[in-house]
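Visitor: What follows is a single structure, and I will ask about it in a moment.
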Amino acid sequence: MLKDAGVLDPRPRREGSLVGREQELTLFEQALARLAHGSSQVIEVTGDPGIGKTRLLAELGRLAAGHGFPVLHGQAQQGGERIPFYALVDALDDHVAGLSHGGDLDVLGAVFPSLSSSGRDGETTGLERYRVFRAVRTLLESLASPGLAVLLDDLQWADEDTTGLLAQLLRHPPRRPVLLAFAYRWRQAPARLRAAATAARADRPPLCLRLGPLSAAEAEAMLAGQGSPAWRRDLYLATGGNPFYLDALARSGWQPQPRDADGDPAYSGLASEKLPSAVTAALLAETGALSRDGQLAARSAAVIGDPFCILSVGEVSGLNQERAAASVAELAAADLIRPIGSTRLFSFRHALVRSVTYENANPAWRVGAHGRAAAALRDCGAPLTAQAHHIERAAEFGDLAAVGLLAEAASTVQAQAPATAAEWLRAALRLFPESAGPQRRTTLLFRLAFALGASGHPGESRDTLRAALRRTGARRHDERIEAVAFCAHMERQLGRYAEGQSLLLAELAALPEQATVLAAALKFQLGCTELAHGDHAASRRWALDALVAIGQADAPGLQTAVLGLLATTDATCGDIPNAVAHLTGAAALLDGMLDGELKRRLDAAAWVGWSELLLERPVRALRHLDRGLALVCAPAWPPGPGISRRRAPRQRPRPNGCPGCRPAGWRRSPHGRWPTPGSRWTTQKDAWPWRRPAPGQGVPKWLTGPGQAGMSC
């Protein structure tokens, strides 16, 4: 349905029963029951755009009609020439058209076109306006037989006359059973209307309904099994549970971008996907009602992204501080943006608001705006990670300074956000001319491949690595060996064990010396490939060869990973004493490594932790795995002043064998049952720590030794 202003109405169009809102419907039934007993009622419905206010009013009208009450619907006017009392005229004009003139009807002729051929002429005095208010109340009383439901929508756009009339009706309600229900956006409504709703008088206090988003279960019911569970989950997150956005995006066949391992699927796909016309039209109508400065500020804020401040809007838009502040205030008054707590920062009301505002800005203007945003961030000393988003959209081909900044920013977030690092490295490669340095371009390709692999794209990573390896020619160096090893790992991820094995063997055969760290790295990967393929004996042989190749070289990370692999293969082959010996050596090396060393070889912590789990050392496994995870999740740059990153307490499940759990030894292994405490090849250190010392016996050292304090299963 098109509104008077010619824009699409932002409300769901799905026919059928209302989804959710059971509590509100129950309150409606109670209000209608009181109306049937002669009690006047006031219902106020507020909420964000698209949250379902109009749909809920329609449901109230249906219920009222089912009780035998006449129902009048009206809607305030958005845009265009302001018509006094528009919402009341919309609701009542057709019903008064057949009434004869005289008395109050002559007064009402100043309001309703059907009662006056000339319509309203000039401004009315305070006394005349009061007579109009009383005449409208009398009219409503005459129509209330046996009762009457008046439903008024979108009153955030109500004109001053309509607002005054409603305020009068709320203070002096009709003396017959009339239900007055009205809906509006709280943040955009006239202050007089909000105050009148708060002070309304009726036979009962006003029923104030604040509509929130649908729950995940209600969204599932609304989508009625469309798409896959993952698609419905992404759609729910993308829309924030807003029914209008849910309905419109679902009908459009919306698809998010591929899920990032580190990103939020809800927002990763919003900016680049073509939004349905219903969403775009409804949101553009809101920004189109702004002043010229307000629209410029909205586009500038969309370029900056959430959160933003008044100063940044001024720097990107070119407005001076006073005009920028006034424009941001206009955006807040229109409820397009909202303040973030007690800070000086703002964010858009919804990600879709920002997306539509950004996508409908002039593309050429956006390039310059991103450039101004990057310059402002650089001048204030912001981290490269904050600048990179703008640099990749504003830099021109051949800008080597931008290439360097993007590459450095990618290295900063490589461990925490590999998908973001891959995006920035792609941008750097697009800007990098081949003539500027083939070797540097090859290095960027290697780094892009590592980021793609870490973010869950093994196929793209493998293809990028092979393209980069072809560029290196016959040269042998650490970078190439690392790339070959990672390429073999990607082949394993794709289930192509033979291809990965062939790549590793060819690279190993081309090495001039076999007793080097480079050879050991390749042999370690060969052992990992054999283990993934199921040949444990071959994996053990390659791991032993790798250990010999390392020799006395200073490579604690690689040596730890090799020993962890050996411990795993020994345990699965049944050689428990050797498994324990290799694990003991690996754990000692791991504990002696600095965080910087371990961060370059995080798989060492994974192999040690996995081996300790196999040998039923859960406390130690958790300690080593937690250390590796802490390095992965550590912030890329220190928090700014007044900002702290508090780590939520981790709830660890109690392992099998703890009191109240299944008894130890219930799981299966190559030997049959997993080893239990007291078996011939376990010690007290290997046992699940379920036994608590008796009073007076003290606490065993293995529970309070180095690294164990505060640990529990």
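Here, A, B, ... name the chains of the structure tokens in the order displayed, residue numbers run from 1 inside each chain, and ligands are numbered from 1 in the same displayed order.
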Name the residues in contact with stretch 376-385 of chain A at a cut-off of 12 Å, using only C-alpha atoms, excluding same-chain residues fewer than 5 positions from it; report them as number ranges by chain.
Guide: A: 304, 308, 311-318, 369-371, 390-392, 402-414, 417, 420-421, 424, 635-640
Visitor: Only N, CA, C and O atoms, please: the residues just picked out, written as a compact mmCIF listing (two decimals), in the first residue's frame.
Guide:
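Just written: again.txt:
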```txt
# COMPACT_ATOMS: atom_id res chain seq x y z
N ILE A 304 31.72 6.66 7.98
CA ILE A 304 32.57 6.46 9.15
C ILE A 304 32.28 5.11 9.78
O ILE A 304 33.19 4.36 10.15
N PHE A 308 30.43 6.66 15.93
CA PHE A 308 31.01 7.89 15.39
C PHE A 308 30.70 9.04 16.34
O PHE A 308 29.85 8.91 17.24
N LEU A 311 32.59 15.31 15.90
CA LEU A 311 33.81 15.83 15.28
C LEU A 311 34.14 15.07 14.00
O LEU A 311 34.49 15.67 12.98
N SER A 312 34.02 13.73 14.03
CA SER A 312 34.34 12.94 12.84
C SER A 312 33.35 13.21 11.72
O SER A 312 33.73 13.23 10.54
N VAL A 313 32.09 13.42 12.06
CA VAL A 313 31.10 13.77 11.03
C VAL A 313 31.47 15.08 10.36
O VAL A 313 31.38 15.23 9.14
N GLY A 314 31.92 16.05 11.16
CA GLY A 314 32.32 17.33 10.58
C GLY A 314 33.52 17.20 9.67
O GLY A 314 33.59 17.82 8.61
N GLU A 315 34.51 16.37 10.05
CA GLU A 315 35.71 16.21 9.23
C GLU A 315 35.41 15.52 7.91
O GLU A 315 35.99 15.86 6.88
N VAL A 316 34.52 14.56 7.92
CA VAL A 316 34.20 13.84 6.69
C VAL A 316 33.25 14.64 5.80
O VAL A 316 33.40 14.66 4.57
N SER A 317 32.29 15.31 6.40
CA SER A 317 31.30 16.04 5.61
C SER A 317 31.80 17.41 5.15
O SER A 317 31.29 17.95 4.17
N GLY A 318 32.77 17.98 5.86
CA GLY A 318 33.23 19.33 5.55
C GLY A 318 32.43 20.41 6.23
O GLY A 318 32.69 21.60 6.04
N ALA A 369 35.04 10.68 0.62
CA ALA A 369 34.69 10.66 2.05
C ALA A 369 35.55 9.66 2.80
O ALA A 369 36.00 9.93 3.92
N HIS A 370 35.78 8.48 2.20
CA HIS A 370 36.66 7.50 2.84
C HIS A 370 38.08 8.06 2.95
O HIS A 370 38.77 7.81 3.95
N GLY A 371 38.52 8.79 1.95
CA GLY A 371 39.85 9.39 2.02
C GLY A 371 39.95 10.40 3.16
O GLY A 371 40.94 10.44 3.89
N HIS A 390 39.00 2.38 5.54
CA HIS A 390 38.84 3.54 4.66
C HIS A 390 39.91 3.57 3.57
O HIS A 390 39.64 3.99 2.44
N ILE A 391 41.12 3.14 3.92
CA ILE A 391 42.20 3.16 2.94
C ILE A 391 41.89 2.26 1.76
O ILE A 391 42.11 2.63 0.59
N GLU A 392 41.37 1.08 2.02
CA GLU A 392 41.10 0.15 0.92
C GLU A 392 40.03 0.66 -0.03
O GLU A 392 39.94 0.24 -1.17
N ALA A 402 49.74 3.15 0.71
CA ALA A 402 48.50 2.49 1.11
C ALA A 402 48.68 0.98 1.17
O ALA A 402 48.15 0.31 2.07
N VAL A 403 49.45 0.43 0.22
CA VAL A 403 49.73 -1.02 0.24
C VAL A 403 50.43 -1.40 1.54
O VAL A 403 50.08 -2.39 2.20
N GLY A 404 51.43 -0.61 1.92
CA GLY A 404 52.15 -0.91 3.15
C GLY A 404 51.26 -0.82 4.38
O GLY A 404 51.34 -1.67 5.28
N LEU A 405 50.39 0.18 4.43
CA LEU A 405 49.49 0.33 5.57
C LEU A 405 48.51 -0.84 5.66
O LEU A 405 48.23 -1.36 6.74
N LEU A 406 47.97 -1.25 4.51
CA LEU A 406 47.03 -2.37 4.52
C LEU A 406 47.72 -3.66 4.93
O LEU A 406 47.15 -4.46 5.70
N ALA A 407 48.93 -3.88 4.43
CA ALA A 407 49.66 -5.10 4.80
C ALA A 407 49.99 -5.11 6.29
O ALA A 407 49.87 -6.14 6.96
N GLU A 408 50.39 -3.96 6.83
CA GLU A 408 50.71 -3.89 8.26
C GLU A 408 49.46 -4.08 9.11
O GLU A 408 49.50 -4.76 10.15
N ALA A 409 48.35 -3.48 8.68
CA ALA A 409 47.10 -3.67 9.42
C ALA A 409 46.68 -5.13 9.39
O ALA A 409 46.18 -5.66 10.39
N ALA A 410 46.87 -5.80 8.25
CA ALA A 410 46.50 -7.22 8.16
C ALA A 410 47.34 -8.07 9.11
O ALA A 410 46.83 -8.99 9.74
N SER A 411 48.63 -7.75 9.22
CA SER A 411 49.48 -8.52 10.14
C SER A 411 49.05 -8.32 11.58
O SER A 411 49.22 -9.22 12.41
N THR A 412 48.47 -7.17 11.90
CA THR A 412 48.04 -6.89 13.26
C THR A 412 46.86 -7.76 13.66
O THR A 412 46.75 -8.16 14.83
N VAL A 413 45.96 -8.06 12.71
CA VAL A 413 44.75 -8.82 13.05
C VAL A 413 44.78 -10.24 12.50
O VAL A 413 43.77 -10.93 12.55
N GLN A 414 45.93 -10.68 11.99
CA GLN A 414 46.02 -11.98 11.33
C GLN A 414 45.52 -13.11 12.24
O GLN A 414 44.77 -13.99 11.80
N ALA A 417 41.53 -12.09 13.55
CA ALA A 417 40.50 -11.90 12.52
C ALA A 417 41.10 -12.20 11.15
O ALA A 417 41.34 -11.28 10.36
N THR A 420 39.27 -10.74 8.01
CA THR A 420 39.51 -9.32 7.80
C THR A 420 40.89 -9.08 7.21
O THR A 420 41.07 -8.25 6.31
N ALA A 421 41.88 -9.83 7.72
CA ALA A 421 43.24 -9.72 7.18
C ALA A 421 43.25 -10.09 5.69
O ALA A 421 43.92 -9.42 4.88
N TRP A 424 41.91 -7.19 3.58
CA TRP A 424 42.86 -6.08 3.42
C TRP A 424 44.02 -6.48 2.53
O TRP A 424 44.53 -5.65 1.77
N PRO A 635 44.11 -9.10 22.40
CA PRO A 635 43.83 -7.93 21.56
C PRO A 635 45.02 -7.56 20.71
O PRO A 635 46.17 -7.71 21.11
N ALA A 636 44.73 -7.10 19.48
CA ALA A 636 45.80 -6.77 18.54
C ALA A 636 46.55 -5.52 18.97
O ALA A 636 47.68 -5.32 18.60
N TRP A 637 45.90 -4.64 19.73
CA TRP A 637 46.59 -3.44 20.23
C TRP A 637 46.07 -3.18 21.64
O TRP A 637 44.96 -3.56 22.00
N PRO A 638 46.84 -2.55 22.49
CA PRO A 638 46.40 -2.34 23.86
C PRO A 638 45.18 -1.45 23.91
O PRO A 638 45.04 -0.53 23.11
N PRO A 639 44.25 -1.71 24.83
CA PRO A 639 43.07 -0.86 24.95
C PRO A 639 43.45 0.57 25.27
O PRO A 639 44.49 0.83 25.87
N GLY A 640 42.61 1.49 24.83
CA GLY A 640 42.88 2.90 25.09
C GLY A 640 42.57 3.27 26.52
O GLY A 640 42.13 2.44 27.32
```
Visitor: Would you list, as a list of chain:residue names, the residues of stretch 203-417 of chain A that end up in strand (DSSP E or B) under DSSP run on this structure's backbone?
Guide: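 Those residues are A:Leu207, A:Cys208, A:Leu209, A:Arg210, A:Phe308, A:Ile337, A:Arg338, A:Pro339, A:Phe346, A:Ser347, A:Phe348.
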Visitor: I need the chosen residues saved as an mmCIF file, in the first residue's frame, with all heavy atoms.
Guide:
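File out14.cif, as written:
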```
data_model
loop_
_atom_site.group_PDB
_atom_site.id
_atom_site.type_symbol
_atom_site.label_atom_id
_atom_site.label_comp_id
_atom_site.auth_asym_id
_atom_site.auth_seq_id
_atom_site.Cartn_x
_atom_site.Cartn_y
_atom_site.Cartn_z
ATOM 1 N N LEU A 207 -3.158 1.716 28.932
ATOM 2 C CA LEU A 207 -2.374 0.505 28.703
ATOM 3 C C LEU A 207 -1.225 0.872 27.766
ATOM 4 O O LEU A 207 -1.442 1.165 26.588
ATOM 5 C CB LEU A 207 -3.257 -0.576 28.078
ATOM 6 C CG LEU A 207 -2.612 -1.933 27.807
ATOM 7 C CD1 LEU A 207 -2.092 -2.557 29.079
ATOM 8 C CD2 LEU A 207 -3.603 -2.862 27.117
ATOM 9 N N CYS A 208 0.000 0.894 28.285
ATOM 10 C CA CYS A 208 1.171 1.319 27.514
ATOM 11 C C CYS A 208 1.965 0.097 27.085
ATOM 12 O O CYS A 208 2.510 -0.622 27.934
ATOM 13 C CB CYS A 208 2.044 2.259 28.342
ATOM 14 S SG CYS A 208 1.166 3.725 28.932
ATOM 15 N N LEU A 209 2.024 -0.147 25.803
ATOM 16 C CA LEU A 209 2.730 -1.303 25.260
ATOM 17 C C LEU A 209 3.987 -0.835 24.541
ATOM 18 O O LEU A 209 3.908 -0.052 23.598
ATOM 19 C CB LEU A 209 1.831 -2.072 24.294
ATOM 20 C CG LEU A 209 0.489 -2.555 24.859
ATOM 21 C CD1 LEU A 209 -0.291 -3.306 23.793
ATOM 22 C CD2 LEU A 209 0.703 -3.430 26.077
ATOM 23 N N ARG A 210 5.152 -1.299 24.985
ATOM 24 C CA ARG A 210 6.429 -0.987 24.347
ATOM 25 C C ARG A 210 6.872 -2.241 23.589
ATOM 26 O O ARG A 210 7.308 -3.221 24.195
ATOM 27 C CB ARG A 210 7.477 -0.609 25.395
ATOM 28 C CG ARG A 210 7.053 0.521 26.331
ATOM 29 C CD ARG A 210 7.073 1.856 25.616
ATOM 30 N NE ARG A 210 6.811 2.960 26.534
ATOM 31 C CZ ARG A 210 5.616 3.516 26.685
ATOM 32 N NH1 ARG A 210 4.573 3.076 25.991
ATOM 33 N NH2 ARG A 210 5.450 4.521 27.533
ATOM 34 N N PHE A 308 30.425 6.665 15.930
ATOM 35 C CA PHE A 308 31.012 7.888 15.390
ATOM 36 C C PHE A 308 30.701 9.035 16.342
ATOM 37 O O PHE A 308 29.853 8.915 17.241
ATOM 38 C CB PHE A 308 30.470 8.192 13.991
ATOM 39 C CG PHE A 308 28.973 8.360 13.951
ATOM 40 C CD1 PHE A 308 28.383 9.606 14.157
ATOM 41 C CD2 PHE A 308 28.144 7.280 13.711
ATOM 42 C CE1 PHE A 308 27.011 9.769 14.129
ATOM 43 C CE2 PHE A 308 26.761 7.428 13.693
ATOM 44 C CZ PHE A 308 26.201 8.675 13.900
ATOM 45 N N ILE A 337 19.775 7.881 14.378
ATOM 46 C CA ILE A 337 20.933 7.516 15.189
ATOM 47 C C ILE A 337 20.538 7.617 16.648
ATOM 48 O O ILE A 337 19.551 8.282 17.002
ATOM 49 C CB ILE A 337 22.150 8.417 14.908
ATOM 50 C CG1 ILE A 337 21.845 9.867 15.314
ATOM 51 C CG2 ILE A 337 22.545 8.339 13.442
ATOM 52 C CD1 ILE A 337 23.037 10.788 15.241
ATOM 53 N N ARG A 338 21.323 6.956 17.504
ATOM 54 C CA ARG A 338 21.056 6.966 18.935
ATOM 55 C C ARG A 338 22.368 7.092 19.689
ATOM 56 O O ARG A 338 23.393 6.546 19.255
ATOM 57 C CB ARG A 338 20.327 5.688 19.361
ATOM 58 C CG ARG A 338 18.925 5.600 18.771
ATOM 59 C CD ARG A 338 18.261 4.275 19.021
ATOM 60 N NE ARG A 338 16.945 4.228 18.412
ATOM 61 C CZ ARG A 338 16.170 3.143 18.384
ATOM 62 N NH1 ARG A 338 16.605 2.011 18.938
ATOM 63 N NH2 ARG A 338 14.988 3.190 17.803
ATOM 64 N N PRO A 339 22.353 7.780 20.825
ATOM 65 C CA PRO A 339 23.587 7.898 21.612
ATOM 66 C C PRO A 339 23.965 6.566 22.233
ATOM 67 O O PRO A 339 23.106 5.719 22.510
ATOM 68 C CB PRO A 339 23.218 8.939 22.679
ATOM 69 C CG PRO A 339 21.727 8.849 22.800
ATOM 70 C CD PRO A 339 21.220 8.496 21.440
ATOM 71 N N PHE A 346 27.807 8.017 18.913
ATOM 72 C CA PHE A 346 26.491 7.667 18.397
ATOM 73 C C PHE A 346 26.622 6.432 17.504
ATOM 74 O O PHE A 346 27.706 6.118 16.997
ATOM 75 C CB PHE A 346 25.891 8.824 17.580
ATOM 76 C CG PHE A 346 25.655 10.076 18.367
ATOM 77 C CD1 PHE A 346 26.671 11.004 18.560
ATOM 78 C CD2 PHE A 346 24.406 10.335 18.913
ATOM 79 C CE1 PHE A 346 26.458 12.161 19.281
ATOM 80 C CE2 PHE A 346 24.188 11.502 19.638
ATOM 81 C CZ PHE A 346 25.212 12.407 19.825
ATOM 82 N N SER A 347 25.497 5.777 17.291
ATOM 83 C CA SER A 347 25.445 4.674 16.332
ATOM 84 C C SER A 347 24.096 4.721 15.627
ATOM 85 O O SER A 347 23.128 5.303 16.136
ATOM 86 C CB SER A 347 25.621 3.327 17.032
ATOM 87 O OG SER A 347 24.536 3.069 17.907
ATOM 88 N N PHE A 348 24.017 4.099 14.458
ATOM 89 C CA PHE A 348 22.754 4.059 13.728
ATOM 90 C C PHE A 348 21.741 3.185 14.471
ATOM 91 O O PHE A 348 22.107 2.257 15.190
ATOM 92 C CB PHE A 348 22.974 3.522 12.312
ATOM 93 C CG PHE A 348 23.475 4.563 11.354
ATOM 94 C CD1 PHE A 348 24.832 4.761 11.179
ATOM 95 C CD2 PHE A 348 22.585 5.344 10.639
ATOM 96 C CE1 PHE A 348 25.298 5.724 10.305
ATOM 97 C CE2 PHE A 348 23.032 6.310 9.756
ATOM 98 C CZ PHE A 348 24.393 6.506 9.589
#
```
Visitor: So which residues touch stretch 130-138 of chain A within 12 Å, counting only C-alpha atoms, skipping near sequence neighbours fewer than 6 positions away, as a compact mmCIF listing (two decimals) with N, CA, C and O atoms, in the first residue's frame?
Guide:
```txt
# COMPACT_ATOMS: atom_id res chain seq x y z
N PHE A 85 -5.82 18.18 11.54
CA PHE A 85 -6.65 17.08 12.02
C PHE A 85 -6.65 15.89 11.05
O PHE A 85 -7.63 15.16 10.94
N LEU A 88 -7.70 12.34 12.32
CA LEU A 88 -9.13 12.25 12.63
C LEU A 88 -9.98 12.28 11.37
O LEU A 88 -10.99 11.57 11.25
N VAL A 89 -9.59 13.11 10.43
CA VAL A 89 -10.33 13.15 9.15
C VAL A 89 -10.24 11.80 8.46
O VAL A 89 -11.24 11.28 7.93
N ALA A 91 -9.97 8.95 9.77
CA ALA A 91 -10.76 7.94 10.47
C ALA A 91 -12.26 8.18 10.39
O ALA A 91 -13.06 7.25 10.28
N LEU A 92 -12.68 9.45 10.44
CA LEU A 92 -14.10 9.76 10.67
C LEU A 92 -14.83 10.39 9.49
O LEU A 92 -16.07 10.44 9.50
N ASP A 93 -14.14 10.91 8.51
CA ASP A 93 -14.81 11.72 7.49
C ASP A 93 -15.89 10.94 6.76
O ASP A 93 -16.99 11.47 6.51
N VAL A 96 -19.19 10.71 8.84
CA VAL A 96 -20.00 11.90 9.11
C VAL A 96 -20.56 12.51 7.84
O VAL A 96 -21.29 13.51 7.89
N GLY A 102 -26.17 21.43 11.46
CA GLY A 102 -26.82 22.02 12.62
C GLY A 102 -26.07 21.70 13.89
O GLY A 102 -25.53 20.61 14.05
N GLY A 103 -26.04 22.61 14.83
CA GLY A 103 -25.42 22.39 16.12
C GLY A 103 -23.93 22.14 16.00
O GLY A 103 -23.20 22.88 15.33
N ASP A 104 -23.49 21.06 16.63
CA ASP A 104 -22.08 20.72 16.62
C ASP A 104 -21.57 20.40 15.23
O ASP A 104 -20.38 20.55 14.94
N LEU A 105 -22.47 19.97 14.34
CA LEU A 105 -22.02 19.61 13.00
C LEU A 105 -21.50 20.83 12.25
O LEU A 105 -20.61 20.71 11.40
N ASP A 106 -22.03 21.99 12.53
CA ASP A 106 -21.50 23.19 11.90
C ASP A 106 -20.08 23.47 12.37
O ASP A 106 -19.24 23.92 11.59
N VAL A 107 -19.82 23.18 13.66
CA VAL A 107 -18.46 23.35 14.17
C VAL A 107 -17.53 22.33 13.54
O VAL A 107 -16.39 22.64 13.17
N LEU A 108 -18.03 21.10 13.40
CA LEU A 108 -17.21 20.05 12.81
C LEU A 108 -16.93 20.31 11.33
O LEU A 108 -16.02 19.71 10.75
N GLY A 109 -17.70 21.16 10.71
CA GLY A 109 -17.43 21.48 9.32
C GLY A 109 -16.08 22.13 9.12
O GLY A 109 -15.53 22.10 8.01
N ALA A 110 -15.53 22.71 10.19
CA ALA A 110 -14.20 23.29 10.10
C ALA A 110 -13.11 22.24 10.10
O ALA A 110 -11.94 22.54 9.86
N VAL A 111 -13.50 20.96 10.40
CA VAL A 111 -12.54 19.86 10.48
C VAL A 111 -12.71 18.89 9.32
O VAL A 111 -11.75 18.53 8.63
N PHE A 112 -13.98 18.47 9.10
CA PHE A 112 -14.23 17.40 8.15
C PHE A 112 -14.70 17.97 6.80
O PHE A 112 -15.71 18.68 6.74
N ARG A 120 -12.00 24.38 5.93
CA ARG A 120 -11.57 25.27 7.00
C ARG A 120 -10.96 26.53 6.39
O ARG A 120 -10.16 26.46 5.47
N THR A 124 -8.06 29.36 13.66
CA THR A 124 -9.11 29.40 14.66
C THR A 124 -8.56 29.96 15.95
O THR A 124 -7.38 29.81 16.26
N ALA A 144 -20.63 5.65 19.63
CA ALA A 144 -20.31 4.54 20.53
C ALA A 144 -21.57 3.79 20.90
O ALA A 144 -22.13 3.94 21.99
N VAL A 150 -11.45 3.42 18.19
CA VAL A 150 -10.78 4.37 17.29
C VAL A 150 -9.29 4.05 17.32
O VAL A 150 -8.65 4.16 18.37
N ASP A 161 -2.69 20.39 15.40
CA ASP A 161 -4.12 20.34 15.72
C ASP A 161 -4.53 18.96 16.19
O ASP A 161 -5.28 18.81 17.16
N THR A 162 -4.04 17.93 15.50
CA THR A 162 -4.37 16.56 15.91
C THR A 162 -3.80 16.26 17.28
O THR A 162 -4.47 15.65 18.13
N THR A 163 -2.57 16.70 17.52
CA THR A 163 -1.96 16.48 18.82
C THR A 163 -2.76 17.16 19.92
O THR A 163 -3.00 16.58 21.00
N GLY A 164 -3.19 18.39 19.68
CA GLY A 164 -3.99 19.09 20.68
C GLY A 164 -5.32 18.41 20.94
O GLY A 164 -5.77 18.31 22.10
N LEU A 165 -5.97 17.94 19.88
CA LEU A 165 -7.25 17.24 20.05
C LEU A 165 -7.07 15.96 20.86
O LEU A 165 -7.86 15.66 21.76
N LEU A 166 -6.03 15.18 20.54
CA LEU A 166 -5.80 13.93 21.28
C LEU A 166 -5.48 14.22 22.74
O LEU A 166 -5.94 13.50 23.65
N ALA A 167 -4.70 15.27 22.98
CA ALA A 167 -4.39 15.62 24.37
C ALA A 167 -5.67 15.96 25.13
O ALA A 167 -5.84 15.58 26.30
N GLN A 168 -6.59 16.65 24.47
CA GLN A 168 -7.86 16.99 25.12
C GLN A 168 -8.69 15.74 25.37
O GLN A 168 -9.30 15.58 26.45
N LEU A 169 -8.74 14.83 24.41
CA LEU A 169 -9.52 13.60 24.58
C LEU A 169 -8.93 12.71 25.67
O LEU A 169 -9.67 12.00 26.36
N LEU A 170 -7.60 12.74 25.81
CA LEU A 170 -6.99 11.93 26.85
C LEU A 170 -7.23 12.50 28.24
O LEU A 170 -7.34 11.77 29.22
N ARG A 171 -7.31 13.84 28.32
CA ARG A 171 -7.60 14.46 29.61
C ARG A 171 -9.10 14.38 29.95
O ARG A 171 -9.47 14.23 31.11
N HIS A 172 -9.94 14.50 28.92
CA HIS A 172 -11.39 14.47 29.11
C HIS A 172 -11.98 13.43 28.15
O HIS A 172 -12.49 13.78 27.08
N PRO A 173 -11.89 12.17 28.49
CA PRO A 173 -12.33 11.11 27.57
C PRO A 173 -13.84 11.14 27.37
O PRO A 173 -14.59 11.72 28.17
N PRO A 174 -14.33 10.52 26.29
CA PRO A 174 -15.77 10.44 26.05
C PRO A 174 -16.48 9.74 27.22
O PRO A 174 -15.92 8.89 27.89
N ARG A 175 -17.75 10.14 27.40
CA ARG A 175 -18.52 9.57 28.52
C ARG A 175 -19.24 8.29 28.13
O ARG A 175 -20.01 7.74 28.92
N ARG A 176 -19.00 7.81 26.95
CA ARG A 176 -19.53 6.53 26.50
C ARG A 176 -18.35 5.57 26.32
O ARG A 176 -17.19 6.00 26.29
N PRO A 177 -18.61 4.27 26.19
CA PRO A 177 -17.51 3.29 26.05
C PRO A 177 -16.77 3.44 24.71
O PRO A 177 -17.22 2.94 23.67
N VAL A 178 -15.69 4.18 24.75
CA VAL A 178 -14.86 4.40 23.57
C VAL A 178 -13.45 3.91 23.87
O VAL A 178 -12.87 4.27 24.90
N LEU A 180 -9.77 4.21 22.66
CA LEU A 180 -8.87 5.02 21.84
C LEU A 180 -7.49 4.39 21.88
O LEU A 180 -6.83 4.35 22.92
```
Visitor: Any idea what the distance is between atom CA of A:Gly564 and atom CA of A:Trp607?
Guide: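 Interatomic distance, atom CA of A:Gly564 to atom CA of A:Trp607: 4.8 Å.
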Visitor: So which residues touch A:Glu24 within 12 Å, counting only C-alpha atoms, skipping near sequence neighbours fewer than 3 positions away, as a list in words?
Guide: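 My reading of the contact set: Leu18, Val19, Gly20, Arg21, Leu27, Phe28, Glu29, Gln30, Ala31, Ile43, Glu44, Val45, Gly52, Lys53, Arg55, Leu56, Leu57, Glu59, Leu60, Leu207, Cys208, Leu209, Arg210, Leu211 and Gly212 of chain A.
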Visitor: Would you please extract all alpha helix (DSSP H) residues from stretch 501-559 of chain A, as assigned by DSSP on the backbone, and give them as a compact mmCIF listing (two decimals) with C-alpha atoms, in the first residue's frame?
Guide:
```txt
# COMPACT_ATOMS: atom_id res chain seq x y z
CA GLN A 501 52.05 -36.01 0.16
CA SER A 502 53.41 -35.62 -3.36
CA LEU A 503 53.99 -31.89 -2.86
CA LEU A 504 55.91 -32.47 0.37
CA LEU A 505 58.01 -35.34 -1.02
CA ALA A 506 58.98 -33.32 -4.10
CA GLU A 507 60.03 -30.37 -1.96
CA LEU A 508 61.94 -32.62 0.43
CA ALA A 509 63.80 -34.31 -2.44
CA ALA A 510 64.85 -30.91 -3.80
CA VAL A 517 65.23 -27.54 10.28
CA LEU A 518 63.69 -27.00 6.85
CA ALA A 519 63.76 -30.72 6.17
CA ALA A 520 62.36 -31.40 9.63
CA ALA A 521 59.42 -29.08 8.93
CA LEU A 522 58.58 -31.01 5.77
CA LYS A 523 58.95 -34.38 7.50
CA PHE A 524 56.69 -33.20 10.29
CA GLN A 525 54.01 -32.31 7.73
CA LEU A 526 54.46 -35.71 6.10
CA GLY A 527 53.84 -37.29 9.50
CA CYS A 528 50.71 -35.19 9.98
CA THR A 529 49.44 -36.23 6.54
CA GLU A 530 50.00 -39.92 7.28
CA LEU A 531 48.22 -39.57 10.63
CA ALA A 532 45.23 -37.88 8.97
CA HIS A 533 45.21 -40.66 6.38
CA HIS A 536 49.92 -44.28 12.38
CA ALA A 537 53.10 -46.30 11.92
CA ALA A 538 54.19 -44.22 8.91
CA SER A 539 53.33 -41.05 10.81
CA ARG A 540 55.55 -42.16 13.69
CA ARG A 541 58.46 -42.89 11.32
CA TRP A 542 58.26 -39.45 9.74
CA ALA A 543 58.04 -37.79 13.16
CA LEU A 544 61.17 -39.64 14.34
CA ASP A 545 63.00 -38.61 11.17
CA ALA A 546 61.94 -35.01 11.81
CA LEU A 547 63.26 -35.19 15.36
CA VAL A 548 66.62 -36.44 14.09
CA ALA A 549 66.73 -33.72 11.42
CA ILE A 550 66.23 -31.01 14.03
CA PRO A 556 61.76 -25.16 20.18
CA GLY A 557 58.40 -24.60 18.52
CA LEU A 558 58.93 -27.19 15.81
CA GLN A 559 60.54 -29.63 18.24
```
Visitor: Please build the interface table for stretch 130-237 of chain A against stretch 63-81 of chain A with a cut-off of 6 Å, listing for each qualifying residue the nearest atom pair and the distance in Å to one decimal; count only C-alpha atoms, order rows by chain and increasing number, and write it as a tab-separated table.
Guide:
```
residue	atom	partner	partner_atom	distance
A:Gly147	CA	A:Phe69	CA	5.5
A:Leu148	CA	A:Pro70	CA	5.2
A:Ala149	CA	A:Val71	CA	4.8
A:Val150	CA	A:Leu72	CA	4.8
A:Leu151	CA	A:His73	CA	4.9
A:Leu152	CA	A:Gly74	CA	4.7
A:Asp153	CA	A:Gln75	CA	4.6
A:Asp154	CA	A:Ala76	CA	5.5
A:Leu155	CA	A:Ala76	CA	5.5
A:Trp157	CA	A:Ala76	CA	5.8
A:Ala158	CA	A:Ala76	CA	5.2
```
